[in-house]
$ cat input.cif   # mmCIF, C-alpha atoms
data_upload
#
loop_
_atom_site.label_atom_id
_atom_site.label_comp_id
_atom_site.auth_asym_id
_atom_site.auth_seq_id
_atom_site.Cartn_x
_atom_site.Cartn_y
_atom_site.Cartn_z
CA MET A 1 -10.01 -1.06 5.76
CA LYS A 2 -10.45 2.62 6.36
CA LYS A 3 -13.34 4.27 4.61
CA PRO A 4 -12.23 6.44 1.66
CA LEU A 5 -12.35 10.12 2.53
CA VAL A 6 -14.49 12.69 0.74
CA GLY A 7 -13.14 14.88 -2.05
CA ALA A 8 -14.03 18.10 -0.26
CA LEU A 9 -11.61 17.29 2.52
CA PHE A 10 -8.97 16.43 -0.05
CA ALA A 11 -9.37 19.90 -1.60
CA VAL A 12 -8.69 21.47 1.79
CA LEU A 13 -5.61 19.30 2.19
CA LEU A 14 -4.15 20.49 -1.10
CA LEU A 15 -4.37 24.06 0.15
CA GLY A 16 -2.35 23.22 3.24
CA ALA A 17 -3.01 20.19 5.34
CA GLY A 18 0.26 20.30 7.17
CA THR A 19 -1.48 21.08 10.45
CA ALA A 20 -4.31 18.59 10.01
CA PRO A 21 -4.60 15.72 12.49
CA ALA A 22 -2.69 12.65 11.41
CA VAL A 23 -4.80 9.98 9.74
CA ALA A 24 -3.88 6.76 8.01
CA ASP A 25 -5.07 3.24 7.26
CA THR A 26 -3.41 0.80 9.55
CA SER A 27 -2.61 -2.86 9.56
CA HIS A 28 -1.15 -5.22 12.13
CA ASP A 29 -0.84 -8.97 11.92
CA ALA A 30 0.01 -11.75 14.31
CA ALA A 31 3.46 -13.23 14.08
CA ALA A 32 3.38 -16.69 12.59
CA PRO A 33 5.48 -19.39 14.30
CA THR A 34 7.88 -19.29 11.36
CA ALA A 35 8.10 -15.50 11.19
CA LYS A 36 11.48 -14.21 10.12
CA VAL A 37 13.34 -12.00 12.56
CA ALA A 38 15.48 -9.11 11.42
CA ALA A 39 19.18 -9.58 11.98
CA PRO A 40 21.18 -6.58 13.20
CA ARG A 41 21.97 -4.32 10.26
CA ALA A 42 25.17 -2.42 9.70
CA VAL A 43 23.56 -0.50 6.86
CA LYS A 44 23.01 3.16 7.58
CA ALA A 45 19.30 3.95 7.46
CA LYS A 46 18.17 6.08 4.56
CA ALA A 47 16.21 9.25 5.30
CA VAL A 48 12.55 8.53 4.56
CA ASN A 49 10.61 11.45 3.09
CA PHE A 50 7.62 12.14 0.83
CA ALA A 51 9.40 12.13 -2.53
CA GLY A 52 7.64 9.78 -4.91
CA THR A 53 4.46 9.53 -2.86
CA VAL A 54 1.13 10.76 -4.21
CA ALA A 55 -2.20 11.97 -2.89
CA LEU A 56 -5.38 10.48 -4.35
CA SER A 57 -8.83 12.01 -3.95
CA ASN A 58 -9.55 9.64 -1.06
CA CYS A 59 -6.32 7.79 -0.21
CA SER A 60 -2.54 7.75 -0.37
CA GLY A 61 -0.19 6.07 -2.84
CA SER A 62 3.25 6.09 -4.43
CA VAL A 63 4.99 5.93 -7.80
CA VAL A 64 6.73 2.56 -7.82
CA ARG A 65 9.08 0.52 -10.01
CA THR A 66 10.97 -2.75 -9.88
CA ALA A 67 14.75 -3.10 -10.10
CA ALA A 68 14.26 -4.14 -13.73
CA SER A 69 12.05 -1.22 -14.76
CA LEU A 70 13.42 0.94 -17.57
CA PRO A 71 13.34 4.76 -17.63
CA SER A 72 11.24 4.51 -20.81
CA ASP A 73 8.56 2.36 -19.15
CA PRO A 74 5.20 3.92 -18.26
CA ALA A 75 5.23 4.70 -14.54
CA LEU A 76 3.02 2.81 -12.08
CA VAL A 77 1.18 4.11 -9.00
CA LEU A 78 0.54 1.73 -6.11
CA SER A 79 -2.41 2.10 -3.72
CA ASN A 80 -5.12 -0.13 -2.22
CA GLY A 81 -7.80 -2.06 -4.05
CA HIS A 82 -10.38 -0.41 -1.82
CA CYS A 83 -9.17 3.02 -2.97
CA MET A 84 -10.15 2.50 -6.64
CA GLU A 85 -12.68 4.91 -8.13
CA THR A 86 -14.68 1.89 -9.27
CA GLY A 87 -15.51 1.01 -5.65
CA PHE A 88 -14.60 -1.94 -3.47
CA PRO A 89 -14.10 -5.07 -5.59
CA GLY A 90 -16.01 -8.03 -4.23
CA PRO A 91 -14.42 -11.24 -2.97
CA GLY A 92 -12.83 -13.03 -5.92
CA GLU A 93 -13.08 -9.96 -8.18
CA VAL A 94 -10.05 -8.68 -10.08
CA VAL A 95 -9.97 -5.43 -12.05
CA PHE A 96 -7.55 -5.81 -14.95
CA ASN A 97 -6.52 -3.30 -17.66
CA ARG A 98 -9.56 -1.08 -17.16
CA SER A 99 -9.44 2.41 -18.67
CA SER A 100 -8.97 5.23 -16.16
CA THR A 101 -8.16 8.93 -16.22
CA ARG A 102 -7.67 9.29 -12.48
CA SER A 103 -5.30 12.02 -11.35
CA PHE A 104 -2.67 11.97 -8.59
CA THR A 105 -0.84 14.83 -6.87
CA LEU A 106 2.90 14.09 -6.86
CA LEU A 107 4.79 15.16 -3.74
CA ASN A 108 8.39 16.22 -3.27
CA SER A 109 10.60 15.34 -0.31
CA ALA A 110 9.04 18.08 1.84
CA GLY A 111 5.50 16.88 1.13
CA SER A 112 4.57 19.72 -1.21
CA GLY A 113 2.53 19.00 -4.32
CA VAL A 114 4.67 19.64 -7.40
CA GLY A 115 2.47 18.42 -10.21
CA THR A 116 -0.38 16.24 -11.39
CA LEU A 117 0.05 12.76 -12.81
CA ARG A 118 -2.73 11.02 -14.74
CA ALA A 119 -3.59 7.37 -15.23
CA SER A 120 -4.23 5.71 -18.56
CA LYS A 121 -5.69 2.61 -16.91
CA ILE A 122 -6.12 0.56 -13.77
CA ALA A 123 -3.55 -2.07 -14.64
CA TYR A 124 -4.56 -4.29 -11.72
CA GLY A 125 -6.76 -4.12 -8.64
CA THR A 126 -8.19 -6.58 -6.15
CA MET A 127 -9.15 -7.14 -2.52
CA THR A 128 -8.76 -10.91 -2.75
CA ASP A 129 -5.72 -12.38 -0.93
CA THR A 130 -4.30 -8.84 -0.83
CA ASP A 131 -5.57 -5.25 -1.10
CA ILE A 132 -3.77 -3.49 -3.94
CA SER A 133 -4.30 -1.35 -7.00
CA LEU A 134 -1.74 -0.51 -9.68
CA TYR A 135 -2.42 2.38 -12.05
CA GLN A 136 -0.41 2.79 -15.24
CA LEU A 137 0.34 6.45 -15.95
CA THR A 138 0.50 8.45 -19.16
CA ARG A 139 4.11 9.45 -18.36
CA THR A 140 7.27 7.38 -18.15
CA TYR A 141 9.64 7.21 -15.20
CA ALA A 142 12.13 9.28 -17.19
CA GLN A 143 9.56 11.97 -17.97
CA ILE A 144 8.56 12.26 -14.32
CA GLU A 145 12.17 12.50 -13.18
CA SER A 146 13.05 15.00 -15.90
CA THR A 147 10.06 17.25 -15.12
CA TYR A 148 10.00 17.06 -11.32
CA GLY A 149 13.38 15.66 -10.30
CA ILE A 150 11.63 12.82 -8.45
CA LYS A 151 12.44 9.14 -8.76
CA ALA A 152 10.00 6.28 -8.25
CA LEU A 153 10.23 4.18 -5.10
CA GLU A 154 11.56 0.66 -5.65
CA LEU A 155 9.51 -2.39 -4.65
CA ASN A 156 11.56 -4.79 -2.56
CA ALA A 157 11.54 -8.22 -4.20
CA ALA A 158 12.01 -10.09 -0.89
CA HIS A 159 9.54 -10.97 1.86
CA PRO A 160 9.60 -8.41 4.70
CA VAL A 161 11.30 -9.37 7.96
CA GLN A 162 9.96 -9.29 11.50
CA GLY A 163 11.49 -6.52 13.59
CA THR A 164 12.35 -4.30 10.63
CA ALA A 165 12.12 -0.55 11.29
CA ILE A 166 9.55 0.91 8.89
CA THR A 167 7.85 4.18 8.02
CA VAL A 168 4.32 4.53 6.66
CA VAL A 169 4.27 7.60 4.41
CA SER A 170 0.86 9.16 3.78
CA GLY A 171 0.69 11.45 0.78
CA TYR A 172 -2.93 12.30 1.55
CA TRP A 173 -2.17 13.70 4.99
CA ARG A 174 1.51 14.57 4.48
CA ARG A 175 2.25 12.59 7.63
CA THR A 176 4.61 9.73 8.45
CA TYR A 177 4.25 6.97 11.03
CA SER A 178 7.31 5.12 12.34
CA CYS A 179 7.29 1.70 14.01
CA ASN A 180 8.45 -1.87 13.36
CA VAL A 181 7.13 -4.98 11.68
CA ASP A 182 5.59 -6.80 14.65
CA GLY A 183 4.87 -10.01 12.74
CA PHE A 184 2.83 -11.67 10.02
CA VAL A 185 -0.79 -12.81 9.98
CA TYR A 186 -1.64 -16.12 8.31
CA ARG A 187 -5.12 -14.85 7.38
CA LEU A 188 -6.52 -11.40 8.07
CA LYS A 189 -10.33 -11.33 7.78
CA GLU A 190 -12.43 -8.17 7.50
CA GLY A 191 -16.08 -8.37 6.55
CA GLU A 192 -16.31 -10.18 3.20
CA TRP A 193 -12.58 -10.10 2.51
CA THR A 194 -9.66 -12.32 3.48
CA TRP A 195 -5.99 -11.35 3.04
CA LYS A 196 -3.01 -13.69 3.20
CA ASP A 197 0.28 -13.20 5.06
CA SER A 198 -0.44 -9.63 6.13
CA VAL A 199 2.03 -7.37 7.96
CA ARG A 200 1.16 -6.35 11.51
CA TYR A 201 2.70 -3.13 12.84
CA THR A 202 3.84 -2.51 16.40
CA SER A 203 1.48 -0.17 18.23
CA ALA A 204 3.47 3.00 17.45
CA CYS A 205 1.97 3.19 13.94
CA GLN A 206 -1.45 4.63 14.76
CA THR A 207 -2.54 5.20 11.19
CA ILE A 208 -6.07 6.34 10.34
CA GLY A 209 -8.46 6.93 7.42
CA GLY A 210 -6.86 8.53 4.38
CA THR A 211 -3.58 6.70 4.82
CA SER A 212 -4.94 3.72 2.94
CA GLY A 213 -2.53 2.96 0.11
CA SER A 214 0.50 4.54 1.80
CA PRO A 215 3.81 2.86 0.99
CA VAL A 216 5.43 1.06 3.92
CA ILE A 217 9.13 1.75 3.59
CA ASP A 218 12.05 -0.21 5.06
CA ASN A 219 14.08 2.48 6.78
CA ALA A 220 17.38 0.72 6.07
CA THR A 221 16.93 0.28 2.31
CA GLY A 222 14.39 2.94 1.36
CA LYS A 223 12.42 0.25 -0.53
CA VAL A 224 8.69 -0.42 -0.36
CA VAL A 225 7.89 -3.65 1.51
CA ALA A 226 4.11 -3.28 1.94
CA VAL A 227 1.08 -1.08 1.36
CA ASN A 228 -0.90 0.23 4.35
CA ASN A 229 -4.55 -0.86 4.38
CA THR A 230 -6.47 -1.42 7.62
CA GLY A 231 -6.73 -1.60 11.40
CA ASN A 232 -9.06 -2.78 14.15
CA GLU A 233 -10.91 0.30 15.35
CA ASP A 234 -13.52 -0.92 17.86
CA GLY A 235 -12.40 -4.33 19.06
CA GLN A 236 -15.07 -6.16 17.07
CA GLN A 237 -14.29 -9.51 15.47
CA CYS A 238 -13.86 -9.79 11.68
CA THR A 239 -16.28 -6.94 10.83
CA ASP A 240 -15.75 -3.97 8.51
CA ASN A 241 -12.99 -1.76 9.94
CA ASN A 242 -12.33 -4.44 12.57
CA PRO A 243 -10.13 -7.10 11.00
CA CYS A 244 -9.31 -10.22 12.98
CA GLU A 245 -6.31 -12.52 12.77
CA VAL A 246 -6.84 -16.21 11.98
CA ASP A 247 -4.01 -18.69 12.43
CA GLU A 248 -3.44 -21.95 10.58
CA SER A 249 -5.52 -23.84 13.16
CA GLY A 250 -8.46 -21.47 12.78
CA ASN A 251 -7.90 -19.65 16.08
CA VAL A 252 -9.12 -16.03 15.98
CA THR A 253 -7.32 -13.11 17.64
CA VAL A 254 -8.62 -9.54 17.89
CA ARG A 255 -6.15 -6.71 18.49
CA GLN A 256 -8.00 -3.43 18.98
CA GLY A 257 -5.98 -0.40 17.92
CA ILE A 258 -3.49 -2.43 15.90
CA ASN A 259 -2.95 -1.72 12.21
CA TYR A 260 -1.95 -3.77 9.18
CA ALA A 261 -0.47 -3.69 5.69
CA GLN A 262 -0.29 -5.99 2.67
CA GLU A 263 3.07 -7.24 1.45
CA THR A 264 4.21 -6.07 -1.97
CA TYR A 265 7.09 -8.39 -2.87
CA GLY A 266 4.60 -10.63 -4.68
CA ILE A 267 3.82 -7.84 -7.14
CA VAL A 268 7.37 -7.78 -8.52
CA PRO A 269 7.24 -11.05 -10.56
CA CYS A 270 3.99 -9.90 -12.18
CA ILE A 271 5.41 -6.72 -13.76
CA GLY A 272 6.71 -7.39 -17.25
CA THR A 273 8.11 -5.43 -20.16
CA GLY A 274 6.77 -1.90 -20.48
CA SER A 275 5.20 -2.02 -16.99
CA GLN A 276 2.57 -4.48 -18.24
CA ILE A 277 0.98 -6.66 -15.58
CA ASP A 278 1.43 -10.24 -16.76
CA LEU A 279 -0.32 -12.68 -14.44
CA ASN A 280 1.22 -15.64 -16.29
CA ARG A 281 4.83 -14.67 -15.64
CA ALA A 282 6.97 -17.10 -13.66
CA GLY A 283 6.57 -16.49 -9.94
CA CYS A 284 3.42 -14.36 -10.24
CA THR A 285 0.77 -15.54 -7.79
CA LEU A 286 -1.61 -12.57 -7.80
CA PRO A 287 -5.26 -13.62 -8.24
CA LYS A 288 -6.43 -13.73 -11.86
CA PRO A 289 -9.73 -12.35 -13.24
#
$ encode --input "input.cif" --output "structure tokens"
Amino acid sequence: MKKPLVGALFAVLLLGAGTAPAVADTSHDAAAPTAKVAAPRAVKAKAVNFAGTVALSNCSGSVVRTAASLPSDPALVLSNGHCMETGFPGPGEVVFNRSSTRSFTLLNSAGSGVGTLRASKIAYGTMTDTDISLYQLTRTYAQIESTYGIKALELNAAHPVQGTAITVVSGYWRRTYSCNVDGFVYRLKEGEWTWKDSVRYTSACQTIGGTSGSPVIDNATGKVVAVNNTGNEDGQQCTDNNPCEVDESGNVTVRQGINYAQETYGIVPCIGTGSQIDLNRAGCTLPKP
């Protein structure tokens, strides 16, 4: 995963980072033999922009909801587990319903900051099997839309599909990266951590540090299908910032310069009434504390 960036740089970005070099966390994964392939779509692609994304002090993120979320529910922000202010959770560690007052800069469609959102807690965070964090905010979806005219991004409830055209949207850098889902990695190993069924991008998505936590958006539906988290920088095997792909037979593949993301469809069954994370809900397979 990309190292979190320092707050001083973030302050500069808020004053006008539009001309800054593009940076983002990346993730690529090897296509499994059973990988799904996208069928031709007749659906007109939606314009992907920055509306609903957020900038953290060290990473990117987005305000997200499920299809069943109510306007009166507290809003949720999605980012990476390695972006939490509490530091990288260790293997097997889950952060659950921990108090937080972290702030997020909400962006409009043009990538301009329009306001500050604040967390009430880290609803969920882990780097085991996946690399995600979910913050519950002090405002509801309705309050955010009423104040800023911005709707949350919807989490796709289905597994992503190989070949899908996607855009990685970094609120930290106000940059987008467009490519396709190249395939899926059975196990993606980086240092102490192992992630399951990761998304590998095609080489066009050259994301870098600071794009960790960026939503990966299906261009055809406008829905979030993954969260950007890492990439192999130096060609090393299974070390920090150099994830390796491991197939079901234990064979290891290193793809220098390729980036990866963690699927988000598995989050959907775990979000219950009032945006509460309920790890005992039917279909929820996120690791438990």
$ closest_atom_pairs --input "input.cif" --of "segment 111-134 of chain A" --to "segment 257-267 of chain A" --cutoff "8 Å" --atoms "all atoms listed in the file" --output "Markdown table"
| residue | atom | partner | partner_atom | distance |
| --- | --- | --- | --- | --- |
| A:Thr130 | CA | A:Gln262 | CA | 6.0 |
| A:Asp131 | CA | A:Gln262 | CA | 6.5 |
| A:Ile132 | CA | A:Gln262 | CA | 7.9 |
$ resolve_selection --input "input.cif" --expression "the PyMOL selection byres ((chain A and resi 78) around 9)" --output "compact mmCIF listing (two decimals) with C-alpha atoms, in the coordinates of the input"
# COMPACT_ATOMS: atom_id res chain seq x y z
CA SER A 60 -2.54 7.75 -0.37
CA GLY A 61 -0.19 6.07 -2.84
CA SER A 62 3.25 6.09 -4.43
CA VAL A 63 4.99 5.93 -7.80
CA VAL A 64 6.73 2.56 -7.82
CA LEU A 76 3.02 2.81 -12.08
CA VAL A 77 1.18 4.11 -9.00
CA SER A 79 -2.41 2.10 -3.72
CA ASN A 80 -5.12 -0.13 -2.22
CA ILE A 132 -3.77 -3.49 -3.94
CA SER A 133 -4.30 -1.35 -7.00
CA LEU A 134 -1.74 -0.51 -9.68
CA TYR A 135 -2.42 2.38 -12.05
CA GLY A 213 -2.53 2.96 0.11
CA SER A 214 0.50 4.54 1.80
CA PRO A 215 3.81 2.86 0.99
CA VAL A 227 1.08 -1.08 1.36
$ residues_around --input "input.cif" --residues "Ala204 of chain A" --least-positions-apart "4" --cutoff "9 Å" --atoms "only C-alpha atoms" --output "PDB file with C-alpha atoms, keeping the file's coordinate frame"
ATOM      1  CA  TYR A 177       4.250   6.970  11.030  1.00  0.00           C
ATOM      2  CA  SER A 178       7.310   5.120  12.340  1.00  0.00           C
ATOM      3  CA  CYS A 179       7.290   1.700  14.010  1.00  0.00           C
ATOM      4  CA  ASN A 180       8.450  -1.870  13.360  1.00  0.00           C
ATOM      5  CA  ILE A 258      -3.490  -2.430  15.900  1.00  0.00           C
TER       6      ILE A 258
END
$ resolve_selection --input "input.cif" --expression "the PyMOL selection byres ((chain A and resi 106) around 8)" --output "ChimeraX atom specification"
/A:52-55,104-105,107-108,113-117
$ atom_distance --input "input.cif" --atom1 "atom CA of Thr128 of chain A" --atom2 "atom CA of Asn219 of chain A"
28.1 Å
$ closest_residue --input "input.cif" --among "A:Gln143, A:Gln162, A:Thr176, A:Ser103" --to "Leu70 of chain A" --atoms "all atoms listed in the file"
A:Gln143
$ closest_residue --input "input.cif" --among "A:His82, A:Arg102, A:Arg175, A:His159" --to "Val224 of chain A" --atoms "all atoms listed in the file"
A:His159
$ closest_residue --input "input.cif" --among "A:Val225, A:Cys238, A:Leu286, A:Met1" --to "Ala157 of chain A" --atoms "only C-alpha atoms"
A:Val225
$ build_atoms --input "input.cif" --residues "segment 217-229 of chain A" --atoms "N, CA, C and O atoms" --output "mmCIF file, in the frame of the given file"
data_model
loop_
_atom_site.group_PDB
_atom_site.id
_atom_site.type_symbol
_atom_site.label_atom_id
_atom_site.label_comp_id
_atom_site.auth_asym_id
_atom_site.auth_seq_id
_atom_site.Cartn_x
_atom_site.Cartn_y
_atom_site.Cartn_z
ATOM 1 N N ILE A 217 7.750 1.700 4.047
ATOM 2 C CA ILE A 217 9.130 1.750 3.590
ATOM 3 C C ILE A 217 10.083 1.195 4.644
ATOM 4 O O ILE A 217 10.004 1.548 5.826
ATOM 5 N N ASP A 218 10.972 0.308 4.221
ATOM 6 C CA ASP A 218 12.050 -0.210 5.060
ATOM 7 C C ASP A 218 13.048 0.926 5.271
ATOM 8 O O ASP A 218 13.650 1.422 4.309
ATOM 9 N N ASN A 219 13.226 1.335 6.517
ATOM 10 C CA ASN A 219 14.080 2.480 6.780
ATOM 11 C C ASN A 219 15.529 2.260 6.364
ATOM 12 O O ASN A 219 16.243 3.207 6.032
ATOM 13 N N ALA A 220 15.983 1.002 6.382
ATOM 14 C CA ALA A 220 17.380 0.720 6.070
ATOM 15 C C ALA A 220 17.671 0.758 4.576
ATOM 16 O O ALA A 220 18.764 1.136 4.163
ATOM 17 N N THR A 221 16.696 0.369 3.757
ATOM 18 C CA THR A 221 16.930 0.280 2.310
ATOM 19 C C THR A 221 16.208 1.361 1.509
ATOM 20 O O THR A 221 16.569 1.622 0.364
ATOM 21 N N GLY A 222 15.179 1.958 2.089
ATOM 22 C CA GLY A 222 14.390 2.940 1.360
ATOM 23 C C GLY A 222 13.420 2.295 0.377
ATOM 24 O O GLY A 222 12.766 3.003 -0.393
ATOM 25 N N LYS A 223 13.296 0.956 0.412
ATOM 26 C CA LYS A 223 12.420 0.250 -0.530
ATOM 27 C C LYS A 223 11.045 -0.006 0.087
ATOM 28 O O LYS A 223 10.899 -0.088 1.314
ATOM 29 N N VAL A 224 10.053 -0.155 -0.791
ATOM 30 C CA VAL A 224 8.690 -0.420 -0.360
ATOM 31 C C VAL A 224 8.538 -1.916 -0.079
ATOM 32 O O VAL A 224 8.828 -2.753 -0.932
ATOM 33 N N VAL A 225 8.063 -2.241 1.129
ATOM 34 C CA VAL A 225 7.890 -3.650 1.510
ATOM 35 C C VAL A 225 6.421 -4.017 1.693
ATOM 36 O O VAL A 225 6.086 -5.208 1.786
ATOM 37 N N ALA A 226 5.536 -3.012 1.741
ATOM 38 C CA ALA A 226 4.110 -3.280 1.940
ATOM 39 C C ALA A 226 3.311 -2.035 1.605
ATOM 40 O O ALA A 226 3.879 -0.960 1.368
ATOM 41 N N VAL A 227 1.979 -2.206 1.587
ATOM 42 C CA VAL A 227 1.080 -1.080 1.360
ATOM 43 C C VAL A 227 0.059 -1.070 2.496
ATOM 44 O O VAL A 227 -0.588 -2.074 2.787
ATOM 45 N N ASN A 228 -0.045 0.052 3.185
ATOM 46 C CA ASN A 228 -0.900 0.230 4.350
ATOM 47 C C ASN A 228 -2.371 0.044 3.985
ATOM 48 O O ASN A 228 -2.811 0.566 2.958
ATOM 49 N N ASN A 229 -3.150 -0.712 4.810
ATOM 50 C CA ASN A 229 -4.550 -0.860 4.380
ATOM 51 C C ASN A 229 -5.618 -0.938 5.444
ATOM 52 O O ASN A 229 -6.784 -0.651 5.139
#
